[in-house]
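Asks: File follows, run.pdb with PDB, C-alpha atoms and all ligand atoms:
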ATOM      1  CA  MET A   1    -220.935-108.534 -39.589
ATOM      2  CA  SER A   2    -218.095-109.666 -41.763
ATOM      3  CA  GLU A   3    -215.362-107.464 -43.007
ATOM      4  CA  LEU A   4    -215.390-106.074 -46.539
ATOM      5  CA  ARG A   5    -212.299-105.810 -48.634
ATOM      6  CA  ALA A   6    -211.412-102.359 -49.861
ATOM      7  CA  PHE A   7    -208.646-100.190 -51.198
ATOM      8  CA  PHE A   8    -207.497 -97.105 -49.335
ATOM      9  CA  TYR A   9    -205.981 -94.032 -51.070
ATOM     10  CA  ASP A  10    -204.368 -91.553 -48.710
ATOM     11  CA  GLY A  11    -204.991 -88.566 -51.009
ATOM     12  CA  ARG A  12    -201.291 -87.656 -51.160
ATOM     13  CA  SER A  13    -199.930 -90.433 -53.348
ATOM     14  CA  ALA A  14    -201.469 -92.599 -56.051
ATOM     15  CA  ALA A  15    -200.585 -95.764 -54.142
ATOM     16  CA  ARG A  16    -203.463 -97.899 -53.005
ATOM     17  CA  ARG A  17    -203.406 -99.999 -49.863
ATOM     18  CA  ALA A  18    -205.451-103.110 -49.186
ATOM     19  CA  VAL A  19    -207.626-102.643 -46.106
ATOM     20  CA  THR A  20    -210.742-104.144 -44.596
ATOM     21  CA  VAL A  21    -213.880-102.265 -43.642
ATOM     22  CA  ALA A  22    -216.298-103.236 -40.893
ATOM     23  CA  PHE A  23    -219.298-101.610 -39.293
ATOM     24  CA  SER A  24    -220.138-101.742 -35.614
ATOM     25  CA  ASP A  25    -223.685-101.689 -34.251
ATOM     26  CA  SER A  26    -223.052 -98.269 -32.747
ATOM     27  CA  GLY A  27    -222.688 -96.840 -36.276
ATOM     28  CA  LEU A  28    -218.919 -96.588 -36.560
ATOM     29  CA  MET A  29    -217.006 -97.704 -39.594
ATOM     30  CA  THR A  30    -213.607 -99.226 -38.873
ATOM     31  CA  VAL A  31    -210.900 -99.350 -41.528
ATOM     32  CA  ARG A  32    -208.168-101.891 -40.703
ATOM     33  CA  GLU A  33    -204.776-102.190 -42.289
ATOM     34  CA  LEU A  34    -202.414-104.787 -40.872
ATOM     35  CA  GLY A  35    -202.252-104.067 -37.164
ATOM     36  CA  THR A  36    -203.671-100.529 -37.281
ATOM     37  CA  SER A  37    -207.222 -99.269 -37.508
ATOM     38  CA  SER A  38    -209.114 -95.977 -37.929
ATOM     39  CA  ARG A  39    -212.706 -95.316 -36.994
ATOM     40  CA  TYR A  40    -215.193 -92.966 -38.645
ATOM     41  CA  ARG A  41    -218.705 -91.946 -37.759
ATOM     42  CA  LEU A  42    -221.123 -92.371 -40.666
ATOM     43  CA  ASN A  43    -221.789 -88.633 -40.782
ATOM     44  CA  GLN A  44    -218.072 -88.026 -41.413
ATOM     45  CA  LEU A  45    -218.282 -89.997 -44.642
ATOM     46  CA  ASN A  46    -219.090 -88.539 -48.015
ATOM     47  CA  ILE A  47    -220.483 -91.557 -49.803
ATOM     48  CA  GLN A  48    -220.619 -91.101 -53.570
ATOM     49  CA  PRO A  49    -223.817 -92.059 -55.404
ATOM     50  CA  ARG A  50    -223.898 -95.720 -56.234
ATOM     51  CA  ILE A  51    -222.993 -96.694 -59.785
ATOM     52  CA  SER A  52    -224.029-100.172 -60.828
ATOM     53  CA  GLY A  53    -221.094-102.549 -61.343
ATOM     54  CA  GLN A  54    -218.605-100.152 -59.747
ATOM     55  CA  PRO A  55    -217.015-100.280 -56.307
ATOM     56  CA  ALA A  56    -218.552 -98.047 -53.627
ATOM     57  CA  VAL A  57    -216.516 -94.848 -53.314
ATOM     58  CA  VAL A  58    -216.259 -93.064 -49.973
ATOM     59  CA  GLN A  59    -214.483 -89.770 -49.360
ATOM     60  CA  LEU A  60    -212.907 -89.806 -45.928
ATOM     61  CA  PRO A  61    -211.903 -86.778 -43.878
ATOM     62  CA  GLY A  62    -208.517 -85.391 -44.907
ATOM     63  CA  ASN A  63    -208.870 -86.074 -48.642
ATOM     64  CA  ALA A  64    -208.451 -89.848 -48.264
ATOM     65  CA  ARG A  65    -210.646 -92.206 -50.285
ATOM     66  CA  LEU A  66    -211.944 -95.697 -49.921
ATOM     67  CA  GLU A  67    -213.121 -98.026 -52.661
ATOM     68  CA  VAL A  68    -215.125-101.008 -51.493
ATOM     69  CA  ASP A  69    -215.356-103.853 -54.029
ATOM     70  CA  ASP A  70    -218.580-105.336 -52.753
ATOM     71  CA  ALA A  71    -220.707-102.254 -53.220
ATOM     72  CA  ALA A  72    -223.981-104.088 -52.561
ATOM     73  CA  ALA A  73    -222.818-105.309 -49.148
ATOM     74  CA  PHE A  74    -221.375-101.894 -48.327
ATOM     75  CA  PHE A  75    -224.608 -99.998 -49.122
ATOM     76  CA  ASP A  76    -226.656-102.580 -47.235
ATOM     77  CA  ALA A  77    -224.449-102.072 -44.207
ATOM     78  CA  VAL A  78    -224.692 -98.262 -44.419
ATOM     79  CA  GLN A  79    -228.425 -98.419 -44.976
ATOM     80  CA  SER A  80    -229.104-100.672 -42.015
ATOM     81  CA  ARG A  81    -227.115 -98.366 -39.733
ATOM     82  CA  SER A  82    -228.306 -94.990 -40.963
ATOM     83  CA  GLY A  83    -231.883 -96.200 -41.391
ATOM     84  CA  LYS A  84    -231.975 -94.611 -44.818
ATOM     85  CA  ARG A  85    -231.382 -95.783 -48.305
ATOM     86  CA  GLN A  86    -228.154 -94.473 -49.712
ATOM     87  CA  TRP A  87    -229.812 -92.541 -52.505
ATOM     88  CA  GLN A  88    -231.963 -90.759 -49.921
ATOM     89  CA  TYR A  89    -228.898 -90.132 -47.883
ATOM     90  CA  SER A  90    -227.013 -88.298 -50.590
ATOM     91  CA  LEU A  91    -230.082 -86.613 -52.054
ATOM     92  CA  GLU A  92    -231.115 -85.236 -48.679
ATOM     93  CA  SER A  93    -227.689 -83.935 -47.852
ATOM     94  CA  ARG A  94    -227.661 -82.230 -51.220
ATOM     95  CA  TRP A  95    -231.070 -80.661 -50.549
ATOM     96  CA  TYR A  96    -229.903 -79.445 -47.159
ATOM     97  CA  PHE A  97    -226.945 -77.850 -48.853
ATOM     98  CA  ILE A  98    -229.096 -76.155 -51.511
ATOM     99  CA  ALA A  99    -231.624 -74.989 -48.918
ATOM    100  CA  ALA A 100    -228.876 -73.653 -46.669
ATOM    101  CA  THR A 101    -227.251 -71.845 -49.585
ATOM    102  CA  LEU A 102    -230.569 -70.314 -50.645
ATOM    103  CA  LEU A 103    -231.313 -69.269 -47.109
ATOM    104  CA  LEU A 104    -227.913 -67.622 -46.752
ATOM    105  CA  THR A 105    -228.343 -65.815 -50.061
ATOM    106  CA  VAL A 106    -231.779 -64.524 -49.106
ATOM    107  CA  ALA A 107    -230.568 -63.536 -45.632
ATOM    108  CA  PHE A 108    -227.610 -61.688 -47.097
ATOM    109  CA  GLY A 109    -229.780 -59.900 -49.659
ATOM    110  CA  TRP A 110    -232.304 -59.018 -47.003
ATOM    111  CA  SER A 111    -229.659 -57.675 -44.641
ATOM    112  CA  VAL A 112    -228.162 -55.520 -47.387
ATOM    113  CA  TYR A 113    -231.627 -54.194 -48.137
ATOM    114  CA  ALA A 114    -232.920 -53.856 -44.579
ATOM    115  CA  ILE A 115    -229.750 -52.909 -42.741
ATOM    116  CA  GLY A 116    -227.236 -51.870 -45.374
ATOM    117  CA  VAL A 117    -229.370 -49.433 -47.363
ATOM    118  CA  PRO A 118    -230.851 -47.580 -44.347
ATOM    119  CA  ALA A 119    -227.411 -47.463 -42.718
ATOM    120  CA  LEU A 120    -225.811 -46.073 -45.848
ATOM    121  CA  ALA A 121    -228.714 -43.632 -46.351
ATOM    122  CA  LYS A 122    -228.167 -42.385 -42.801
ATOM    123  CA  GLN A 123    -224.455 -41.854 -43.395
ATOM    124  CA  VAL A 124    -225.129 -39.962 -46.628
ATOM    125  CA  ALA A 125    -227.998 -37.955 -45.081
ATOM    126  CA  TYR A 126    -225.711 -36.427 -42.453
ATOM    127  CA  ARG A 127    -223.084 -35.582 -45.070
ATOM    128  CA  LEU A 128    -225.331 -33.694 -47.476
ATOM    129  CA  PRO A 129    -224.270 -30.058 -47.563
ATOM    130  CA  ARG A 130    -226.732 -27.375 -46.468
ATOM    131  CA  ASP A 131    -227.193 -25.971 -49.984
ATOM    132  CA  ILE A 132    -228.399 -29.395 -51.155
ATOM    133  CA  ASP A 133    -230.978 -29.384 -48.330
ATOM    134  CA  LEU A 134    -232.162 -25.989 -49.498
ATOM    135  CA  ILE A 135    -232.482 -27.066 -53.145
ATOM    136  CA  LEU A 136    -234.319 -30.251 -52.146
ATOM    137  CA  THR A 137    -236.740 -28.232 -50.048
ATOM    138  CA  GLN A 138    -237.321 -25.518 -52.636
ATOM    139  CA  GLN A 139    -237.834 -27.915 -55.553
ATOM    140  CA  GLY A 140    -239.830 -30.420 -53.513
ATOM    141  CA  LEU A 141    -242.128 -27.698 -52.204
ATOM    142  CA  GLN A 142    -242.621 -26.311 -55.722
ATOM    143  CA  VAL A 143    -243.793 -29.708 -56.955
ATOM    144  CA  MET A 144    -246.136 -30.146 -53.991
ATOM    145  CA  ASP A 145    -247.522 -26.641 -54.476
ATOM    146  CA  ARG A 146    -248.387 -27.571 -58.053
ATOM    147  CA  THR A 147    -249.863 -30.945 -57.179
ATOM    148  CA  VAL A 148    -251.205 -31.479 -53.655
ATOM    149  CA  PHE A 149    -251.186 -28.065 -51.949
ATOM    150  CA  ALA A 150    -253.247 -24.916 -52.423
ATOM    151  CA  PRO A 151    -252.644 -21.559 -50.715
ATOM    152  CA  SER A 152    -253.651 -21.428 -47.049
ATOM    153  CA  THR A 153    -256.960 -19.812 -46.207
ATOM    154  CA  LEU A 154    -256.029 -19.113 -42.575
ATOM    155  CA  ASN A 155    -256.040 -15.441 -41.735
ATOM    156  CA  PRO A 156    -252.609 -13.788 -41.521
ATOM    157  CA  GLU A 157    -252.883 -12.880 -37.812
ATOM    158  CA  ARG A 158    -253.556 -16.485 -36.888
ATOM    159  CA  ARG A 159    -250.613 -17.678 -38.981
ATOM    160  CA  GLN A 160    -248.404 -15.098 -37.298
ATOM    161  CA  ARG A 161    -249.447 -16.253 -33.816
ATOM    162  CA  ILE A 162    -248.701 -19.869 -34.687
ATOM    163  CA  ARG A 163    -245.310 -18.905 -36.141
ATOM    164  CA  ALA A 164    -244.483 -17.158 -32.894
ATOM    165  CA  ALA A 165    -245.374 -20.402 -31.081
ATOM    166  CA  MET A 166    -242.938 -22.254 -33.349
ATOM    167  CA  GLU A 167    -240.176 -19.874 -32.264
ATOM    168  CA  GLU A 168    -240.950 -20.641 -28.630
ATOM    169  CA  VAL A 169    -240.720 -24.355 -29.356
ATOM    170  CA  THR A 170    -237.344 -24.119 -31.092
ATOM    171  CA  ARG A 171    -236.000 -21.987 -28.255
ATOM    172  CA  VAL A 172    -236.843 -24.927 -25.971
ATOM    173  CA  VAL A 173    -235.813 -27.936 -28.079
ATOM    174  CA  GLY A 174    -233.060 -26.248 -30.074
ATOM    175  CA  GLY A 175    -232.704 -25.039 -33.646
ATOM    176  CA  ASP A 176    -233.768 -21.446 -33.016
ATOM    177  CA  GLY A 177    -233.724 -19.602 -36.369
ATOM    178  CA  TYR A 178    -233.211 -22.802 -38.357
ATOM    179  CA  TYR A 179    -236.863 -23.674 -38.806
ATOM    180  CA  SER A 180    -239.566 -21.919 -40.769
ATOM    181  CA  LEU A 181    -243.251 -22.735 -40.424
ATOM    182  CA  GLN A 182    -245.543 -22.305 -43.405
ATOM    183  CA  PHE A 183    -249.203 -23.069 -44.060
ATOM    184  CA  ARG A 184    -250.984 -24.669 -46.965
ATOM    185  CA  SER A 185    -254.466 -25.847 -47.705
ATOM    186  CA  GLY A 186    -253.961 -29.574 -48.100
ATOM    187  CA  LYS A 187    -256.822 -30.345 -50.509
ATOM    188  CA  ASN A 188    -257.307 -34.016 -49.574
ATOM    189  CA  LEU A 189    -254.285 -34.339 -47.315
ATOM    190  CA  GLY A 190    -256.365 -33.904 -44.155
ATOM    191  CA  ALA A 191    -254.787 -32.754 -40.905
ATOM    192  CA  ASN A 192    -251.131 -33.092 -41.723
ATOM    193  CA  ALA A 193    -247.634 -31.751 -41.230
ATOM    194  CA  TYR A 194    -244.574 -32.097 -43.461
ATOM    195  CA  ALA A 195    -240.930 -31.789 -42.515
ATOM    196  CA  PHE A 196    -238.706 -30.683 -45.404
ATOM    197  CA  PRO A 197    -234.952 -31.327 -45.293
ATOM    198  CA  SER A 198    -233.850 -27.712 -44.743
ATOM    199  CA  GLY A 199    -236.107 -27.195 -41.707
ATOM    200  CA  THR A 200    -239.182 -25.851 -43.481
ATOM    201  CA  ILE A 201    -242.268 -27.308 -41.849
ATOM    202  CA  ILE A 202    -245.671 -27.185 -43.508
ATOM    203  CA  PHE A 203    -248.888 -27.374 -41.496
ATOM    204  CA  THR A 204    -252.119 -27.967 -43.376
ATOM    205  CA  ASP A 205    -255.047 -25.674 -42.562
ATOM    206  CA  ASP A 206    -256.969 -28.766 -41.464
ATOM    207  CA  LEU A 207    -254.346 -29.511 -38.837
ATOM    208  CA  VAL A 208    -254.562 -25.989 -37.445
ATOM    209  CA  ARG A 209    -258.373 -26.192 -37.346
ATOM    210  CA  LEU A 210    -258.317 -29.577 -35.676
ATOM    211  CA  ALA A 211    -256.163 -28.382 -32.770
ATOM    212  CA  THR A 212    -258.085 -27.085 -29.761
ATOM    213  CA  SER A 213    -255.111 -25.184 -28.334
ATOM    214  CA  THR A 214    -251.828 -23.701 -29.493
ATOM    215  CA  ASP A 215    -250.077 -26.141 -27.156
ATOM    216  CA  GLU A 216    -251.389 -29.006 -29.253
ATOM    217  CA  LEU A 217    -249.783 -27.403 -32.293
ATOM    218  CA  ARG A 218    -246.577 -26.862 -30.309
ATOM    219  CA  VAL A 219    -246.424 -30.614 -29.673
ATOM    220  CA  ILE A 220    -246.737 -31.281 -33.410
ATOM    221  CA  MET A 221    -244.059 -28.649 -34.104
ATOM    222  CA  ALA A 222    -241.664 -30.343 -31.688
ATOM    223  CA  HIS A 223    -242.464 -33.684 -33.322
ATOM    224  CA  GLU A 224    -241.691 -32.307 -36.789
ATOM    225  CA  VAL A 225    -238.476 -30.741 -35.456
ATOM    226  CA  GLY A 226    -237.618 -34.304 -34.430
ATOM    227  CA  HIS A 227    -238.066 -35.478 -38.037
ATOM    228  CA  VAL A 228    -235.874 -32.663 -39.365
ATOM    229  CA  ARG A 229    -233.216 -32.970 -36.667
ATOM    230  CA  ASN A 230    -232.875 -36.721 -37.286
ATOM    231  CA  ARG A 231    -232.808 -36.195 -41.066
ATOM    232  CA  HIS A 232    -235.782 -38.536 -41.498
ATOM    233  CA  THR A 233    -237.103 -37.060 -44.753
ATOM    234  CA  VAL A 234    -233.660 -37.077 -46.351
ATOM    235  CA  ARG A 235    -233.053 -40.607 -45.117
ATOM    236  CA  ASN A 236    -236.360 -41.833 -46.581
ATOM    237  CA  LEU A 237    -235.524 -40.006 -49.778
ATOM    238  CA  LEU A 238    -232.106 -41.637 -50.002
ATOM    239  CA  GLN A 239    -233.488 -45.065 -49.190
ATOM    240  CA  ASN A 240    -235.739 -44.583 -52.228
ATOM    241  CA  SER A 241    -233.033 -43.192 -54.490
ATOM    242  CA  LEU A 242    -229.729 -44.084 -52.928
ATOM    243  CA  PHE A 243    -227.958 -44.035 -56.236
ATOM    244  CA  ALA A 244    -228.896 -40.426 -56.981
ATOM    245  CA  GLY A 245    -227.916 -39.497 -53.415
ATOM    246  CA  LEU A 246    -224.507 -41.082 -53.781
ATOM    247  CA  ILE A 247    -223.905 -39.209 -57.044
ATOM    248  CA  VAL A 248    -224.770 -35.932 -55.339
ATOM    249  CA  VAL A 249    -222.434 -36.613 -52.426
ATOM    250  CA  ILE A 250    -219.528 -38.052 -54.418
ATOM    251  CA  SER A 251    -219.612 -35.690 -57.412
ATOM    252  CA  GLY A 252    -221.136 -32.637 -55.750
ATOM    253  CA  ASP A 253    -223.226 -32.439 -58.941
ATOM    254  CA  VAL A 254    -226.107 -30.135 -58.161
ATOM    255  CA  ALA A 255    -227.957 -31.172 -61.339
ATOM    256  CA  ALA A 256    -228.338 -34.640 -59.846
ATOM    257  CA  VAL A 257    -230.218 -33.088 -56.933
ATOM    258  CA  GLY A 258    -233.185 -32.600 -59.262
ATOM    259  CA  SER A 259    -233.845 -36.319 -59.475
ATOM    260  CA  LEU A 260    -233.742 -36.544 -55.698
ATOM    261  CA  ALA A 261    -236.065 -33.569 -55.272
ATOM    262  CA  ALA A 262    -238.532 -35.117 -57.711
ATOM    263  CA  ALA A 263    -239.054 -37.964 -55.234
ATOM    264  CA  ILE A 264    -239.881 -35.645 -52.302
ATOM    265  CA  PRO A 265    -243.685 -35.588 -52.795
ATOM    266  CA  LYS A 266    -243.724 -39.361 -53.042
ATOM    267  CA  VAL A 267    -241.684 -39.711 -49.864
ATOM    268  CA  LEU A 268    -243.647 -37.101 -47.908
ATOM    269  CA  VAL A 269    -247.178 -37.842 -49.103
ATOM    270  CA  GLU A 270    -247.263 -41.529 -49.959
ATOM    271  CA  ALA A 271    -244.529 -43.200 -47.973
ATOM    272  CA  SER A 272    -244.700 -43.360 -44.225
ATOM    273  CA  TYR A 273    -241.972 -42.862 -41.701
ATOM    274  CA  SER A 274    -240.879 -46.032 -39.943
ATOM    275  CA  ARG A 275    -241.894 -46.639 -36.347
ATOM    276  CA  GLU A 276    -238.296 -46.018 -35.337
ATOM    277  CA  PHE A 277    -238.483 -42.563 -36.944
ATOM    278  CA  GLU A 278    -241.851 -41.783 -35.306
ATOM    279  CA  TYR A 279    -240.579 -42.733 -31.859
ATOM    280  CA  ALA A 280    -237.508 -40.559 -32.379
ATOM    281  CA  ALA A 281    -239.722 -37.620 -33.397
ATOM    282  CA  ASP A 282    -242.126 -38.252 -30.506
ATOM    283  CA  ALA A 283    -239.131 -38.120 -28.172
ATOM    284  CA  VAL A 284    -238.618 -34.466 -29.151
ATOM    285  CA  ALA A 285    -242.304 -33.743 -28.476
ATOM    286  CA  ARG A 286    -241.885 -35.300 -25.049
ATOM    287  CA  GLU A 287    -238.673 -33.358 -24.506
ATOM    288  CA  TYR A 288    -240.631 -30.167 -25.186
ATOM    289  CA  LEU A 289    -243.451 -31.046 -22.761
ATOM    290  CA  GLN A 290    -241.026 -32.052 -20.014
ATOM    291  CA  ALA A 291    -238.872 -28.947 -20.414
ATOM    292  CA  THR A 292    -241.908 -26.674 -20.191
ATOM    293  CA  GLY A 293    -243.678 -28.661 -17.439
ATOM    294  CA  LYS A 294    -246.744 -29.176 -19.635
ATOM    295  CA  PRO A 295    -248.781 -32.395 -19.323
ATOM    296  CA  ASN A 296    -248.333 -35.365 -21.687
ATOM    297  CA  ALA A 297    -252.127 -35.285 -22.080
ATOM    298  CA  ILE A 298    -251.611 -32.586 -24.736
ATOM    299  CA  PHE A 299    -249.823 -35.094 -26.966
ATOM    300  CA  VAL A 300    -252.475 -37.730 -26.318
ATOM    301  CA  SER A 301    -255.348 -35.381 -27.084
ATOM    302  CA  ILE A 302    -254.060 -34.070 -30.429
ATOM    303  CA  MET A 303    -252.888 -37.511 -31.570
ATOM    304  CA  SER A 304    -256.215 -39.119 -30.658
ATOM    305  CA  ARG A 305    -258.151 -36.406 -32.451
ATOM    306  CA  ILE A 306    -256.061 -36.845 -35.593
ATOM    307  CA  ALA A 307    -256.654 -40.601 -35.325
ATOM    308  CA  GLU A 308    -260.424 -40.112 -35.041
ATOM    309  CA  GLN A 309    -260.507 -37.779 -38.013
ATOM    310  CA  SER A 310    -258.324 -40.113 -40.015
ATOM    311  CA  ALA A 311    -260.679 -43.026 -39.266
ATOM    312  CA  ALA A 312    -263.698 -40.917 -40.201
ATOM    313  CA  ARG A 313    -262.221 -39.822 -43.518
ATOM    314  CA  PRO A 314    -260.308 -42.820 -44.871
ATOM    315  CA  ASP A 315    -259.913 -41.215 -48.292
ATOM    316  CA  GLU A 316    -257.648 -38.528 -46.869
ATOM    317  CA  LEU A 317    -253.910 -38.966 -46.567
ATOM    318  CA  SER A 318    -253.927 -37.756 -43.000
ATOM    319  CA  LEU A 319    -250.980 -37.338 -40.660
ATOM    320  CA  LEU A 320    -251.523 -40.828 -39.299
ATOM    321  CA  ARG A 321    -251.448 -42.456 -42.701
ATOM    322  CA  THR A 322    -247.977 -40.994 -42.975
ATOM    323  CA  HIS A 323    -247.247 -41.157 -39.229
ATOM    324  CA  PRO A 324    -248.538 -44.649 -38.329
ATOM    325  CA  ALA A 325    -249.450 -46.661 -35.238
ATOM    326  CA  VAL A 326    -250.829 -43.928 -33.006
ATOM    327  CA  GLU A 327    -252.052 -46.124 -30.147
ATOM    328  CA  GLU A 328    -248.664 -47.728 -29.767
ATOM    329  CA  ARG A 329    -247.030 -44.337 -29.906
ATOM    330  CA  ILE A 330    -249.308 -42.948 -27.206
ATOM    331  CA  ARG A 331    -248.511 -45.935 -24.974
ATOM    332  CA  ALA A 332    -244.784 -45.517 -25.583
ATOM    333  CA  PHE A 333    -245.073 -41.776 -24.985
ATOM    334  CA  LEU A 334    -246.706 -42.262 -21.594
ATOM    335  CA  ASP A 335    -244.275 -44.988 -20.442
TER
HETATM  336 ZN    ZN B 401    -244.123 -38.038 -37.565
END
Could you express the structure from this file as structure tokens?
Replies:
Amino acid sequence: MSELRAFFYDGRSAARRAVTVAFSDSGLMTVRELGTSSRYRLNQLNIQPRISGQPAVVQLPGNARLEVDDAAAFFDAVQSRSGKRQWQYSLESRWYFIAATLLLTVAFGWSVYAIGVPALAKQVAYRLPRDIDLILTQQGLQVMDRTVFAPSTLNPERRQRIRAAMEEVTRVVGGDGYYSLQFRSGKNLGANAYAFPSGTIIFTDDLVRLATSTDELRVIMAHEVGHVRNRHTVRNLLQNSLFAGLIVVISGDVAAVGSLAAAIPKVLVEASYSREFEYAADAVAREYLQATGKPNAIFVSIMSRIAEQSAARPDELSLLRTHPAVEERIRAFLD
């Protein structure tokens, strides 16, 4: 094709230089000035939207600019080589930019939420002083006693035997003397266990009745020790109310603990632990079985029975509503 006359601005001075512009069939644009020439690929050019009666304006790499007098011929040439009309060309590139920006914004927001908040909650969880754990446990348990728990109806001898089993478990997996096992009637909580931040573990009467051996309860104890040891309840709590948690840690303000404690029933009863948390807790159950030479079948049998009961009574907030994905966990446990 013929050459088009144009003016070239180098972006450093106001001087304009007369040049010619030509397009090759391979899609390159050549700018010639006297004996010299520069070549650009079309995708290096930032072609400004066409304005009727005005020269075509093209931003070149390095802040240089080109103004082509015969805009109609210029846009025809670009269009025939890019296969797109110029207005599509600039509109599409703008849409790509907006879409990419949106995507980045969403990805950043998501990563703050999904990675940043749990990571920060974990950091804070391990820095909470012991007295905060105790207040959270005491206040959280008080609220649950008023709302979802009733006193246990198990006879005292049975409770004592199960507590002794808990001591055996903590001698094996660690934390001897740190944990305390208590019993509650769970009203409609089904067969369930709750790990409070300070190491208090609550078994519902239904859970005790569902177990066919003390070893099955020992497996659940080890599992709950796993939740306490890995600070899972505190981490869930902080993920729900990170702001209150930060105030407690930064200011040491014990009054702020109340707002955290108020969220404990919600976190323990309604929210579920993540799969990651369940696998980590199951690992302690496995650790217990391996250390004592007991078969993994104990874990499978109690978990399956809880799953069956949970399926049979969907209105109850059973252990598996709050400790999800039992089949996967059994598979992972046996791997
Ligand atoms: Zn669990």
Asks: Please extract the residues at most 7 Å from ligand ZN 401 (chain B), counting all atoms listed in the file, and provide them as a list of chain:residue names, using the chain letters and residue numbers of this document.
Replies: A:His223, A:Glu224, A:His227, A:Tyr273, A:Glu278, A:Ala281, A:His323
Asks: Written as a PDB file with C-alpha atoms, in the coordinates of the input, which residues does the PyMOL selection byres (((chain A and resi 139) around 12) and not hetatm) give for the file shown?
Replies:
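Listing of out_32.pdb after writing:
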ATOM      1  CA  ILE A 132    -228.399 -29.395 -51.155  1.00  0.00           C
ATOM      2  CA  ASP A 133    -230.978 -29.384 -48.330  1.00  0.00           C
ATOM      3  CA  LEU A 134    -232.162 -25.989 -49.498  1.00  0.00           C
ATOM      4  CA  ILE A 135    -232.482 -27.066 -53.145  1.00  0.00           C
ATOM      5  CA  LEU A 136    -234.319 -30.251 -52.146  1.00  0.00           C
ATOM      6  CA  THR A 137    -236.740 -28.232 -50.048  1.00  0.00           C
ATOM      7  CA  GLN A 138    -237.321 -25.518 -52.636  1.00  0.00           C
ATOM      8  CA  GLY A 140    -239.830 -30.420 -53.513  1.00  0.00           C
ATOM      9  CA  LEU A 141    -242.128 -27.698 -52.204  1.00  0.00           C
ATOM     10  CA  GLN A 142    -242.621 -26.311 -55.722  1.00  0.00           C
ATOM     11  CA  VAL A 143    -243.793 -29.708 -56.955  1.00  0.00           C
ATOM     12  CA  MET A 144    -246.136 -30.146 -53.991  1.00  0.00           C
ATOM     13  CA  ASP A 145    -247.522 -26.641 -54.476  1.00  0.00           C
ATOM     14  CA  ARG A 146    -248.387 -27.571 -58.053  1.00  0.00           C
ATOM     15  CA  PHE A 196    -238.706 -30.683 -45.404  1.00  0.00           C
ATOM     16  CA  PRO A 197    -234.952 -31.327 -45.293  1.00  0.00           C
ATOM     17  CA  SER A 198    -233.850 -27.712 -44.743  1.00  0.00           C
ATOM     18  CA  ALA A 255    -227.957 -31.172 -61.339  1.00  0.00           C
ATOM     19  CA  VAL A 257    -230.218 -33.088 -56.933  1.00  0.00           C
ATOM     20  CA  GLY A 258    -233.185 -32.600 -59.262  1.00  0.00           C
ATOM     21  CA  SER A 259    -233.845 -36.319 -59.475  1.00  0.00           C
ATOM     22  CA  LEU A 260    -233.742 -36.544 -55.698  1.00  0.00           C
ATOM     23  CA  ALA A 261    -236.065 -33.569 -55.272  1.00  0.00           C
ATOM     24  CA  ALA A 262    -238.532 -35.117 -57.711  1.00  0.00           C
ATOM     25  CA  ALA A 263    -239.054 -37.964 -55.234  1.00  0.00           C
ATOM     26  CA  ILE A 264    -239.881 -35.645 -52.302  1.00  0.00           C
ATOM     27  CA  PRO A 265    -243.685 -35.588 -52.795  1.00  0.00           C
TER      28      PRO A 265
END
Asks: Which of these, A:Val57, A:Ala77, A:Val228, A:Met221, has the shortest distance to A:Ser24 once you count all atoms listed in the file?
Replies: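 That would be A:Ala77, the residue with the smallest distance to A:Ser24.
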Asks: Between atom CA of A:Ile250 and atom CA of A:Asn230, what distance in Å does the model show, to one decimal?
Replies: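 For atom CA of A:Ile250 relative to atom CA of A:Asn230, the distance reads 21.8 Å.
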Asks: Would you please work out which residue, of A:Leu45, A:Val269, A:Ile220, A:Met29, is nearest to A:Gln59 when using only C-alpha atoms?
Replies: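 Nearest to A:Gln59: A:Leu45.
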